[in-house]
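A.B. asks: I'd like to ask you about the structure that follows.
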Amino acid sequence: MNGLHLNDVLDRNRPAEPEALRRGAEELRLAIIDLIDGAGLGHYSSTFSIAELLTVLYRRTMRLKQGDPAWPDRDRFLLGKGHAAVGLWPLLAELDYFPADWLSDFGKLGAPLTDHPNMRTTPGVDFSSGSLGHNLSVGIGMALAARLQKRDYRTFVILGDGELHEGQVWEAAMAASHFKLGNLVAIVDANGSCATGSTSSVMNIEPVAGRFAAFGWAASDIDGHDIAAIIKAFDTLPDPGMSVPTCIVARTLKGKGVSFMEETPRKWHLGFLGSEDRARAPRRKSGKGSEHGGSGRRFFIHRGRG
Amino acid sequence: MNGLHLNDVLDRNRPAEPEALRRGAEELRLAIIDLIDGAGLGHYSSTFSIAELLTVLYRRTMRLKQGDPAWPDRDRFLLGKGHAAVGLWPLLAELDYFPADWLSDFGKLGAPLTDHPNMRTTPGVDFSSGSLGHNLSVGIGMALAARLQKRDYRTFVILGDGELHEGQVWEAAMAASHFKLGNLVAIVDANGSCATGSTSSVMNIEPVAGRFAAFGWAASDIDGHDIAAIIKAFDTLPDPGMSVPTCIVARTLKGKGVSFMEETPRKWHLGFLGSEDRARAPRRKSGKGSEHGGSGRRFFIHRGRG
Amino acid sequence: MGEAVDVFSFTAGEAEVDGGESIGAALAKLGDERPDIVVVAPDLSGAPIAAIFAARHPERVFDCGIAECNAMSVAAGLAASGYIPFVLQMGAFSALKCAEQIRTDMAYTQLPVRILSAWSGLTMAYFGTSHHAVEDIAITRAIAGLTVVAPSDPHSALALLRSTLDHPGPVFFRIASGDEPRLYKGIPSVARGQFLRLHEGRDATIIATGLAIHWAFAAASMLEGEGIQIGVLDAVYLKPLDEAAILEAAWETGRILTVEEHNVAGGLGTAVADVLARNGAGAKLSVHGLPDEHLLVARPAELHAHYGLTPEGIVEKIRTLLEAR
Amino acid sequence: MGEAVDVFSFTAGEAEVDGGESIGAALAKLGDERPDIVVVAPDLSGAPIAAIFAARHPERVFDCGIAECNAMSVAAGLAASGYIPFVLQMGAFSALKCAEQIRTDMAYTQLPVRILSAWSGLTMAYFGTSHHAVEDIAITRAIAGLTVVAPSDPHSALALLRSTLDHPGPVFFRIASGDEPRLYKGIPSVARGQFLRLHEGRDATIIATGLAIHWAFAAASMLEGEGIQIGVLDAVYLKPLDEAAILEAAWETGRILTVEEHNVAGGLGTAVADVLARNGAGAKLSVHGLPDEHLLVARPAELHAHYGLTPEGIVEKIRTLLEAR
Ligand SMILES: Cc1ncc(C[n+]2csc(CCOP(=O)(O)OP(=O)(O)O)c2C)c(N)n1
Ligand SMILES: Cc1ncc(C[n+]2csc(CCOP(=O)(O)OP(=O)(O)O)c2C)c(N)n1
Ligand SMILES: [Mg+2]
Ligand SMILES: [Mg+2]
């Protein structure tokens, strides 16, 4: 896929072009639409907000080994907001962590690729998630392990902004700075929305960077859809041997890339594209299209009548 | 006791003299020694660090009604660090919330006065505690109730500094400012020690006021043994109708008042005074003295051999 | 309609169900009558069960964000101040995540909090094991002073909601999706600690709870055509448990099958076994539910079929039970 | 010695017990042998079980402060990175407070975390209901993929510690105070899912766990003087449960008494009842433990006496059981 061979080590901050990464993020969105079409259900808007972040991480920033998801020196990646797992699958397939044809079984009974990440079924998933609020703690365990093993891998954790409501995140935030984990990087997907409404109107989390800073982190905001800004933030991470964990607050749009999702991101927290929606959404040329009729379904808010 | 009659309303910020309050705190410590002597076990050092805070709250600051622990307009008091309950019992007895002779049964099988506060057995306990980290959340419920009922009572919550490790405290801290609870006052007993060691060496919590401020509170430090400073902080609390919760970080000494406890507060987290210790500790003239021999026992650290 | 709809449709609260009330509508109506009812809903104030109430009484709804434990203790504080809080929780994150808050802040203190634990069992199974709520009967039944009920349709939900309203201690409602099809014609009258009888039996008795009672009832109807008479008891109360009904079933039909969307270790089946064994009732017991192992992840209907949690699966279990010895 | 000492003495880890090893000493020794063992201890790194290890291997001990849930998930992260973490927790704040972290981060993921849940049952009962750990058997047994063991003395603790060391999934150790008097002369050999037999029986069998096995053994000795032969089984494995031993006891002695420091709803008694009823074993069962109600608060010894959790109380239960029918 990416012109790489099995067991090639993919170095950190490899020279991927910003423009190629930008296109990669767009392709990822299209692949996500295809995957959810196949499964008949999925989390569009939560995944679209991190498309650029995931693309830069997997295609440029993280040290990985093609085809070897268990390589001990790989950088670790944890998806605290596990409901965006569908965004991982195309990237992990590209790394030859599993056969690409697994993608077509996404969401099926007994299939390895599931709606939330499961480390026991999907090679390349460093930890399972689904319950919000656990994975920053798990990341601390991995970062402590790196130090014990004198390895210099980094552990990246993407958290939802609503996920910051969970107290365990703050237990972990406290512990990460206490343990001086310069090898831990938290990325908050500040897409402004949780399930019920705008994150801060449901339960205020601002100032996000200010809160992490008070908990002992080096924290700053970036535009989470600006490839150049993401590259700059990741390229200039402190050495993993340093003693302050880094928090990057990525300001994003929930539903980014699909106009009607950007407008009503909550409706697209969970659903699938119905026929009318599909006509309006961007499509891959090769996209098989959904076999499902009907309009988008929303889990928490209300069920459409159509 | 305090020259008051049943059903007298005790106004907020009543004119209790600083010197009398200072003496009151000392008397409270002596009463605590007596109570623990009677029970044969108790939390000295955690209670001694809040003697001044409790004394000013109950003898000056809180609006209460003599003999009526369920008066709807009373200010509420929650002891997040429930293991300091023994410090409450003399103060609640003084308010005629229960007969003074209950004190002599403290800690006995079936007695209403227990090592941790139990709202179902002790009139005047606004909520039970024992598991650290819950009571700030409970206080939010009470503060929300005040607003719904259009009552202007305040809810005070004393938290241990180790208790701040619990994530639920930060869930509550987030919610209190979000709900604009100007009628909620958190007092952190920053005595510098949790069970295993110094609070911040076990798990750093500093800057405490800075963390609360980042979570939307008006927060500041005071000397928690300086009666004048405590009075000033409590007398100048914002009106309960205001929209920002207040956090007072009281810098205290764990074991304050007993030299050998101040020196090794952890050893006195839980224990009882043995004969040698008793000779060194301050005593009430009327103190009955313990029937227990032996030296102090420490729960978490190690058991003495003597 | 796409097939996704079965999985997540959750209309309770949004609409009248079959001309009757939904849980959400009922809660809102209770809220009209009783100013002491408040709702706490961690990032769920827009969910149907809470939404009608929220629209009518916004000042009495407190969303606490995605902080389930805080929501529980806040509710306890409200209850200690004279309110009857209904805390809406997702099944996977209620008993399992907040057991300590339930035990310590509600049960120990005996406060009238009501936990609406919705999307329990496999309702959200598609999302992975993290979203399975198949341990909650075991957890809640072990907490002294907690009442545990499990409505099986909107009508029994209403009956339980209303009849427990003034119970002095906490009540845990184990709700599946909340928009199960109607099972009871009218609002059944429920009494504390009693099962509801749906079908008279002679050859065996099925005791089922929640969604499972629908399959059980269908199974009994299927068997009736063959002349096999199966009693069906809806375990709407899980604690206190209807010991008298269990023993009577043991006595009268000699064979009992329990069915539930819960781990067979520690659920309704175990609770029934407990009653039988302690009372020396010699009935034959078969326990049907989710195996005590890592469950597959898929849509609920697929998993129900896979694990035999269907009328057909139950018929098969009954046949085996009838053949035993 | 003041009487307070009985309540809280907790020497495990501090010293050799009866010339044998304590849990803390054993853990430290394992740590010497195995560099992959780490300790996580929320504000408990100075507690005896952790302290010797901490003195010898400070770089492998992570105190997480009073944040039990975080400690659990941090341990899971360490386990996913090749370590065998031992998480020391207080009984009241382990299964009850962290059930979701156990289920989701350890059991779902099948990671080799060991939870040392100490001060369980009524060990800390003096501190109030918040410190009672009497729901943990019910909670842990309902979690698929979790192994649950309950050492009853330092020797069985060692046996369990060592024999489970390389088990691929998570293991929950239900430990009372950790310095119970010695019950086993040497280190017993334990096999996964099997009880230990302490006494041969004919008239009835007592199945007890943790502290209760001490009283059970004393009761059996008392009854032996009267010519009554009571089998005694130490339920060191609570999950998987020793179904074969239970059924054999039912078959051979016809009468079973279970004893535990746990709510009688959902504990060992319920688990044994479950096995009996599902297997149609007609044995008479009596379940002895803490009543399913608000417990008194006092020192453990006072509560044990109050609730009949003593050799004498057990003798009485056995007499009633022997008289039955
Ligand atoms: C502990 C827990 N509570 C509730 C949920 C249900 N849930 C899934 S996604 C979601 C909203 C998450 O918001 P956010 O973290 O901002 O993620 P986003 O969807 O915006 O990416 C909720 C409440 C969950 N998965 N885990
Ligand atoms: C949830 C919970 N975990 C652990 C404990 C055990 N415990 C009792 S007191 C204590 C230390 C508390 O430290 P701090 O909050 O600073 O209070 P202090 O004793 O200094 O007043 C601990 C860990 C508890 N009561 N609750
Ligand atoms: Mg968000
Ligand atoms: Mg302290």
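Ordering of the structure tokens sets the chain letters (A, B, ...), residue numbers begin anew at 1 in every chain, and ligands are numbered from 1 in the order given.
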Using only C-alpha atoms and all ligand atoms, find each residue with an atom at most 6 Å away from ligand 1 and format the answer as JSON, numbers by chain.
C.D. replies: {"A": [46, 81, 130, 131, 132, 160, 161, 162, 163, 191, 193, 194, 195], "C": [43, 66, 93]}
A.B. asks: Keeping only N, CA, C and O atoms, write the selected residues to a file as a compact mmCIF listing (two decimals), in the first residue's frame.
C.D. replies:
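Result written to part-v1.txt:
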# COMPACT_ATOMS: atom_id res chain seq x y z
N SER A 46 -17.42 11.29 15.36
CA SER A 46 -16.32 11.19 16.32
C SER A 46 -15.04 10.74 15.63
O SER A 46 -13.94 11.02 16.11
N LYS A 81 -11.10 7.21 23.37
CA LYS A 81 -12.45 7.30 22.81
C LYS A 81 -12.59 6.17 21.79
O LYS A 81 -12.53 6.37 20.57
N GLY A 130 -13.51 1.24 25.25
CA GLY A 130 -14.96 1.23 25.11
C GLY A 130 -15.58 1.98 26.26
O GLY A 130 -16.51 2.76 26.09
N SER A 131 -15.03 1.75 27.43
CA SER A 131 -15.46 2.54 28.57
C SER A 131 -14.56 3.76 28.60
O SER A 131 -13.34 3.65 28.75
N LEU A 132 -15.16 4.92 28.47
CA LEU A 132 -14.36 6.15 28.45
C LEU A 132 -13.65 6.35 29.78
O LEU A 132 -14.18 6.03 30.84
N GLY A 160 -11.31 11.72 24.14
CA GLY A 160 -12.39 12.61 23.74
C GLY A 160 -12.48 13.78 24.70
O GLY A 160 -12.03 13.68 25.85
N ASP A 161 -13.06 14.88 24.26
CA ASP A 161 -13.17 15.99 25.21
C ASP A 161 -14.25 15.70 26.26
O ASP A 161 -14.09 16.06 27.42
N GLY A 162 -15.29 14.98 25.84
CA GLY A 162 -16.27 14.55 26.84
C GLY A 162 -15.66 13.54 27.80
O GLY A 162 -16.01 13.50 28.98
N GLU A 163 -14.73 12.77 27.30
CA GLU A 163 -14.06 11.80 28.16
C GLU A 163 -13.39 12.47 29.36
O GLU A 163 -13.21 11.85 30.42
N ASN A 191 -13.38 18.29 20.08
CA ASN A 191 -14.34 18.52 18.99
C ASN A 191 -15.59 19.21 19.48
O ASN A 191 -16.56 19.39 18.74
N SER A 193 -18.02 18.42 21.41
CA SER A 193 -19.30 17.75 21.52
C SER A 193 -19.15 16.42 22.23
O SER A 193 -18.20 15.67 22.01
N CYS A 194 -20.05 16.11 23.14
CA CYS A 194 -20.13 14.76 23.69
C CYS A 194 -21.43 14.15 23.17
O CYS A 194 -21.87 14.52 22.09
N ALA A 195 -22.05 13.23 23.85
CA ALA A 195 -23.21 12.56 23.25
C ALA A 195 -24.45 13.45 23.28
O ALA A 195 -25.22 13.50 22.33
N ASP C 43 -24.43 12.72 30.81
CA ASP C 43 -24.40 12.83 29.35
C ASP C 43 -25.57 12.09 28.73
O ASP C 43 -25.48 11.57 27.62
N ILE C 66 -20.00 12.94 31.47
CA ILE C 66 -19.68 11.51 31.45
C ILE C 66 -18.93 11.16 32.74
O ILE C 66 -17.75 10.83 32.74
N PHE C 93 -22.44 0.84 32.64
CA PHE C 93 -21.68 1.74 33.50
C PHE C 93 -22.45 2.11 34.77
O PHE C 93 -22.15 3.12 35.39
A.B. asks: Would you give me, as a Markdown table, each residue of chain D having an atom within 10 Å of an atom of ligand 2, along with its shortest atom pair and that distance in Å to one decimal, using only C-alpha atoms and all ligand atoms and sorting by chain and residue number?
C.D. replies:
| residue | atom | partner | partner_atom_place_in_ligand_line | distance |
| --- | --- | --- | --- | --- |
| D:Pro42 | CA | ligand 2 | 23 (C) | 7.7 |
| D:Asp43 | CA | ligand 2 | 23 (C) | 5.6 |
| D:Leu44 | CA | ligand 2 | 23 (C) | 7.4 |
| D:Gly65 | CA | ligand 2 | 23 (C) | 7.8 |
| D:Ile66 | CA | ligand 2 | 3 (N) | 5.5 |
| D:Ala67 | CA | ligand 2 | 3 (N) | 7.3 |
| D:Glu68 | CA | ligand 2 | 3 (N) | 7.0 |
| D:Cys69 | CA | ligand 2 | 1 (C) | 9.7 |
| D:Gln89 | CA | ligand 2 | 4 (C) | 8.5 |
| D:Met90 | CA | ligand 2 | 4 (C) | 7.0 |
| D:Gly91 | CA | ligand 2 | 4 (C) | 9.7 |
| D:Ala92 | CA | ligand 2 | 2 (C) | 8.1 |
| D:Phe93 | CA | ligand 2 | 1 (C) | 6.0 |
| D:Ser94 | CA | ligand 2 | 3 (N) | 9.2 |
| D:Lys97 | CA | ligand 2 | 1 (C) | 8.0 |
| D:Phe127 | CA | ligand 2 | 25 (N) | 8.7 |
| D:Ser130 | CA | ligand 2 | 25 (N) | 7.9 |
| D:His131 | CA | ligand 2 | 25 (N) | 7.4 |
A.B. asks: Write out as an MDAnalysis selection string every residue belonging to chain D that has an atom at most 9 Å from any atom of chain A, counting only C-alpha atoms.
C.D. replies: chainID D and resid 59:60 62 64:65 67 69:83 100:101 104:105 108:110
A.B. asks: Using N, CA, C and O atoms, can you write the selected residues to a file as a CSV table (one decimal), in the first residue's frame?
C.D. replies:
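Resulting contents of part30.csv:
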chain,number,residue,atom,x,y,z
D,59,GLU,N,12.2,0.5,42.6
D,59,GLU,CA,11.9,0.9,41.2
D,59,GLU,C,10.7,0.2,40.6
D,59,GLU,O,10.2,0.6,39.6
D,60,ARG,N,10.3,-0.9,41.3
D,60,ARG,CA,9.2,-1.7,40.7
D,60,ARG,C,8.0,-1.6,41.5
D,60,ARG,O,7.0,-2.4,41.4
D,62,PHE,N,4.8,1.1,42.4
D,62,PHE,CA,4.1,2.3,42.0
D,62,PHE,C,3.0,2.5,42.9
D,62,PHE,O,1.9,1.8,42.8
D,64,CYS,N,0.0,4.8,43.7
D,64,CYS,CA,-0.8,5.7,42.9
D,64,CYS,C,-1.6,6.6,43.7
D,64,CYS,O,-2.5,7.3,43.1
D,65,GLY,N,-1.3,6.8,45.0
D,65,GLY,CA,-2.1,7.6,45.8
D,65,GLY,C,-3.5,7.0,46.0
D,65,GLY,O,-3.7,5.8,45.6
D,67,ALA,N,-6.2,6.4,44.7
D,67,ALA,CA,-6.9,6.4,43.4
D,67,ALA,C,-7.0,5.0,43.0
D,67,ALA,O,-6.2,4.5,42.1
D,69,CYS,N,-9.1,3.1,41.3
D,69,CYS,CA,-9.4,2.8,39.9
D,69,CYS,C,-8.2,3.0,39.0
D,69,CYS,O,-7.9,2.1,38.1
D,70,ASN,N,-7.6,4.1,39.1
D,70,ASN,CA,-6.4,4.4,38.3
D,70,ASN,C,-5.4,3.3,38.6
D,70,ASN,O,-4.8,2.8,37.6
D,71,ALA,N,-5.2,2.9,39.8
D,71,ALA,CA,-4.2,1.8,40.1
D,71,ALA,C,-4.5,0.6,39.3
D,71,ALA,O,-3.6,-0.1,38.8
D,72,MET,N,-5.8,0.2,39.2
D,72,MET,CA,-6.2,-1.0,38.5
D,72,MET,C,-5.8,-0.9,37.0
D,72,MET,O,-5.2,-1.8,36.4
D,73,SER,N,-6.1,0.2,36.4
D,73,SER,CA,-5.9,0.4,35.0
D,73,SER,C,-4.4,0.5,34.7
D,73,SER,O,-3.9,0.1,33.6
D,74,VAL,N,-3.7,1.2,35.6
D,74,VAL,CA,-2.2,1.3,35.4
D,74,VAL,C,-1.6,-0.1,35.4
D,74,VAL,O,-0.8,-0.4,34.6
D,75,ALA,N,-2.1,-0.9,36.3
D,75,ALA,CA,-1.6,-2.3,36.4
D,75,ALA,C,-1.9,-3.0,35.1
D,75,ALA,O,-1.1,-3.8,34.6
D,76,ALA,N,-3.1,-2.8,34.5
D,76,ALA,CA,-3.4,-3.4,33.3
D,76,ALA,C,-2.5,-3.0,32.2
D,76,ALA,O,-2.0,-3.9,31.4
D,77,GLY,N,-2.1,-1.8,32.2
D,77,GLY,CA,-1.2,-1.3,31.2
D,77,GLY,C,0.2,-1.9,31.3
D,77,GLY,O,0.9,-2.3,30.4
D,78,LEU,N,0.6,-2.1,32.6
D,78,LEU,CA,1.9,-2.8,32.9
D,78,LEU,C,1.8,-4.2,32.4
D,78,LEU,O,2.8,-4.8,31.8
D,79,ALA,N,0.7,-4.9,32.7
D,79,ALA,CA,0.5,-6.3,32.3
D,79,ALA,C,0.5,-6.4,30.8
D,79,ALA,O,1.1,-7.4,30.2
D,80,ALA,N,0.0,-5.4,30.1
D,80,ALA,CA,0.0,-5.5,28.6
D,80,ALA,C,1.4,-5.2,28.1
D,80,ALA,O,1.6,-5.4,26.9
D,81,SER,N,2.3,-4.8,28.9
D,81,SER,CA,3.7,-4.6,28.5
D,81,SER,C,4.6,-5.6,29.0
D,81,SER,O,5.8,-5.3,29.1
D,82,GLY,N,4.1,-6.7,29.4
D,82,GLY,CA,5.0,-7.8,29.8
D,82,GLY,C,5.2,-8.0,31.3
D,82,GLY,O,6.0,-8.9,31.7
D,83,TYR,N,4.6,-7.3,32.1
D,83,TYR,CA,4.8,-7.4,33.6
D,83,TYR,C,3.7,-8.2,34.2
D,83,TYR,O,2.6,-8.4,33.6
D,100,GLU,N,-15.5,-2.3,37.4
D,100,GLU,CA,-15.5,-2.1,35.9
D,100,GLU,C,-14.1,-2.2,35.4
D,100,GLU,O,-13.8,-2.7,34.3
D,101,GLN,N,-13.1,-1.7,36.1
D,101,GLN,CA,-11.7,-1.7,35.7
D,101,GLN,C,-11.3,-3.2,35.7
D,101,GLN,O,-10.5,-3.6,34.8
D,104,THR,N,-13.3,-4.8,32.6
D,104,THR,CA,-13.0,-4.3,31.2
D,104,THR,C,-11.5,-4.3,30.9
D,104,THR,O,-11.1,-4.6,29.8
D,105,ASP,N,-10.6,-3.9,31.9
D,105,ASP,CA,-9.2,-3.8,31.6
D,105,ASP,C,-8.4,-5.0,31.9
D,105,ASP,O,-7.2,-5.1,31.5
D,108,TYR,N,-11.7,-8.8,30.3
D,108,TYR,CA,-11.9,-8.7,28.9
D,108,TYR,C,-10.6,-8.9,28.1
D,108,TYR,O,-10.6,-9.6,27.1
D,109,THR,N,-9.6,-8.3,28.6
D,109,THR,CA,-8.3,-8.3,27.9
D,109,THR,C,-7.5,-9.5,28.3
D,109,THR,O,-6.4,-9.7,27.7
D,110,GLN,N,-7.9,-10.3,29.3
D,110,GLN,CA,-7.1,-11.5,29.7
D,110,GLN,C,-5.7,-11.1,30.0
D,110,GLN,O,-4.8,-11.7,29.4
A.B. asks: Residues near Ile318 in chain C, anyone? I mean within 9 Å using only C-alpha atoms, not counting same-chain ones fewer than 5 positions away, as an MDAnalysis selection string.
C.D. replies: chainID C and resid 204 206 219 230 256:257 286 313 323
A.B. asks: Kindly provide the residues of chain C that approach chain D to within 7 Å, each paired with its closest atom pair and their distance in Å to one decimal, based on only C-alpha atoms, listed by chain and increasing number, as a tab-separated table.
C.D. replies:
residue	atom	partner	partner_atom	distance
C:Leu96	CA	D:Glu100	CA	5.2
C:Lys97	CA	D:Glu100	CA	4.9
C:Cys98	CA	D:Lys97	CA	6.9
C:Ala99	CA	D:Leu96	CA	5.5
C:Glu100	CA	D:Lys97	CA	4.9
C:Thr104	CA	D:Ser130	CA	5.7
C:Tyr108	CA	D:Thr129	CA	6.7
C:Thr129	CA	D:Tyr108	CA	6.7
C:Ser130	CA	D:Thr104	CA	5.6
C:Glu135	CA	D:Ala142	CA	5.5
C:Ala138	CA	D:Ala138	CA	6.0
C:Ile139	CA	D:Ile139	CA	5.2
C:Arg141	CA	D:Ala265	CA	6.9
C:Ala142	CA	D:Ala265	CA	5.4
C:Ile143	CA	D:Glu135	CA	6.7
C:Ala144	CA	D:Glu293	CA	5.0
C:Gly145	CA	D:Glu293	CA	6.1
C:Asn263	CA	D:Ala142	CA	6.7
C:Ala265	CA	D:Ala142	CA	5.4
C:Gly266	CA	D:Ala142	CA	5.5
C:Thr270	CA	D:Asp274	CA	5.4
C:Ala273	CA	D:Asp274	CA	5.0
C:Asp274	CA	D:Ala273	CA	5.0
C:Leu276	CA	D:Ala277	CA	6.6
C:Ala277	CA	D:Ala273	CA	5.2
C:Arg278	CA	D:Leu285	CA	5.4
C:Gly280	CA	D:Lys284	CA	5.9
C:Gly282	CA	D:Gly282	CA	6.3
C:Lys284	CA	D:Gly280	CA	5.8
C:Leu285	CA	D:Arg278	CA	5.4
C:Ser286	CA	D:Arg278	CA	6.2
C:Asp292	CA	D:Ala144	CA	5.1
C:Glu293	CA	D:Ala144	CA	4.9
C:His294	CA	D:Ala144	CA	6.3
A.B. asks: DSSP on the backbone: which residues in range 112-266 of chain A end up as strand (DSSP E)? Give the answer as a list in words.
C.D. replies: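 Across range 112-266 of chain A, those assigned strand (DSSP E) are Thr155, Phe156, Val157, Ile158, Leu159, Gly160, Leu184, Val185, Ala186, Ile187, Val188, Asp189, Ala190, Ala218, Ala219, Ser220, Asp221, Ile222, Asp223, Thr246, Cys247, Ile248, Val249, Ala250 and Arg251 of chain A.
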A.B. asks: Just the helix (DSSP H, G or I) stuff from range 40-181 of chain D, please, per backbone DSSP, written as number ranges by chain.
C.D. replies: D: 48-56, 58-60, 68-79, 91-93, 95-107, 125-127, 129-131, 136-141, 154-163
A.B. asks: Within 9 Å of Thr47 in chain B, counting only C-alpha atoms, which residues qualify if same-chain residues fewer than 4 places away don't, as a list in words?
C.D. replies: Arg29, Ile32, His43, Ala51, His83, Ala84, Ala85, Val86, Gly87, Lys254, Gly255 and Lys256 of chain B
A.B. asks: Please save all heavy atoms of the selected residues as a short mmCIF file (atom, residue, chain, number, x, y, z; two decimals), in the first residue's frame.
C.D. replies:
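Saved file part-v9.cif follows:
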data_model
loop_
_atom_site.label_atom_id
_atom_site.label_comp_id
_atom_site.auth_asym_id
_atom_site.auth_seq_id
_atom_site.Cartn_x
_atom_site.Cartn_y
_atom_site.Cartn_z
N ARG B 29 -9.15 19.09 71.21
CA ARG B 29 -8.09 18.06 71.14
C ARG B 29 -8.08 17.20 72.39
O ARG B 29 -7.93 15.97 72.32
CB ARG B 29 -6.73 18.73 70.95
CG ARG B 29 -6.54 19.32 69.57
CD ARG B 29 -5.08 19.68 69.28
NE ARG B 29 -4.96 20.14 67.90
CZ ARG B 29 -5.14 21.41 67.50
NH1 ARG B 29 -5.40 22.36 68.39
NH2 ARG B 29 -5.04 21.71 66.23
N ILE B 32 -10.88 14.83 72.33
CA ILE B 32 -10.61 13.75 71.38
C ILE B 32 -9.73 12.68 72.03
O ILE B 32 -9.98 11.47 71.87
CB ILE B 32 -9.94 14.34 70.10
CG1 ILE B 32 -10.95 15.16 69.31
CG2 ILE B 32 -9.33 13.23 69.24
CD1 ILE B 32 -10.33 16.10 68.28
N HIS B 43 -8.35 7.95 65.24
CA HIS B 43 -7.50 8.71 64.32
C HIS B 43 -7.14 10.04 64.98
O HIS B 43 -7.87 11.01 64.86
CB HIS B 43 -8.26 8.99 63.02
CG HIS B 43 -8.55 7.77 62.20
ND1 HIS B 43 -9.64 6.98 62.39
CD2 HIS B 43 -7.87 7.22 61.16
CE1 HIS B 43 -9.64 5.98 61.50
NE2 HIS B 43 -8.58 6.10 60.75
N ALA B 51 -8.77 20.73 64.06
CA ALA B 51 -9.43 21.18 65.30
C ALA B 51 -9.85 22.64 65.21
O ALA B 51 -10.98 23.00 65.59
CB ALA B 51 -8.51 20.94 66.49
N HIS B 83 -12.70 9.79 58.58
CA HIS B 83 -11.96 9.20 59.69
C HIS B 83 -11.66 10.22 60.79
O HIS B 83 -11.14 9.84 61.83
CB HIS B 83 -10.68 8.51 59.19
CG HIS B 83 -9.81 9.37 58.35
ND1 HIS B 83 -10.12 9.76 57.07
CD2 HIS B 83 -8.60 9.93 58.60
CE1 HIS B 83 -9.16 10.51 56.56
NE2 HIS B 83 -8.22 10.64 57.48
N ALA B 84 -12.01 11.48 60.57
CA ALA B 84 -11.82 12.48 61.62
C ALA B 84 -13.11 12.74 62.39
O ALA B 84 -13.24 13.74 63.11
CB ALA B 84 -11.29 13.78 61.02
N ALA B 85 -14.07 11.83 62.29
CA ALA B 85 -15.38 12.05 62.91
C ALA B 85 -15.29 12.30 64.40
O ALA B 85 -16.09 13.06 64.96
CB ALA B 85 -16.29 10.85 62.64
N VAL B 86 -14.34 11.69 65.06
CA VAL B 86 -14.23 11.84 66.51
C VAL B 86 -14.14 13.32 66.90
O VAL B 86 -14.57 13.71 67.99
CB VAL B 86 -13.04 11.02 67.06
CG1 VAL B 86 -11.70 11.51 66.49
CG2 VAL B 86 -13.00 11.02 68.57
N GLY B 87 -13.66 14.14 66.01
CA GLY B 87 -13.59 15.58 66.29
C GLY B 87 -14.93 16.27 66.23
O GLY B 87 -15.11 17.38 66.75
N LYS B 254 -0.42 17.70 60.41
CA LYS B 254 -1.09 16.47 60.82
C LYS B 254 -0.56 16.13 62.22
O LYS B 254 0.64 16.03 62.44
CB LYS B 254 -0.80 15.35 59.82
CG LYS B 254 -1.70 14.13 59.98
CD LYS B 254 -1.82 13.33 58.69
CE LYS B 254 -2.58 12.03 58.91
NZ LYS B 254 -2.88 11.32 57.66
N GLY B 255 -1.46 16.01 63.17
CA GLY B 255 -1.03 15.74 64.55
C GLY B 255 -0.85 17.00 65.38
O GLY B 255 -0.40 16.93 66.53
N LYS B 256 -1.22 18.14 64.81
CA LYS B 256 -1.03 19.44 65.45
C LYS B 256 -1.42 19.41 66.94
O LYS B 256 -2.51 18.97 67.30
CB LYS B 256 -1.89 20.48 64.73
CG LYS B 256 -1.96 21.84 65.40
CD LYS B 256 -0.66 22.61 65.24
CE LYS B 256 -0.77 23.99 65.86
NZ LYS B 256 0.50 24.76 65.70
#
A.B. asks: Taking only C-alpha atoms into account, which of B:Gly124, B:Pro112, B:Pro207, B:Pro240 comes nearest chain A?
C.D. replies: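 Answer, going by the shortest atom-to-atom distance: B:Pro207.
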A.B. asks: Return the single residue from A:Phe234, A:Phe272, A:Trp102, A:Phe212 that is closest to chain B, with distances computed using only C-alpha atoms.
C.D. replies: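 Of all the options, A:Phe212 lies closest to chain B.
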A.B. asks: So that I can check the surroundings of Gly231 in chain D, please list as a VMD selection string every protein, DNA and RNA residue that reaches within 7 Å of it, counting only C-alpha atoms and ignoring chain neighbours fewer than 4 positions away.
C.D. replies: chain D and resid 199 to 202 204 to 206
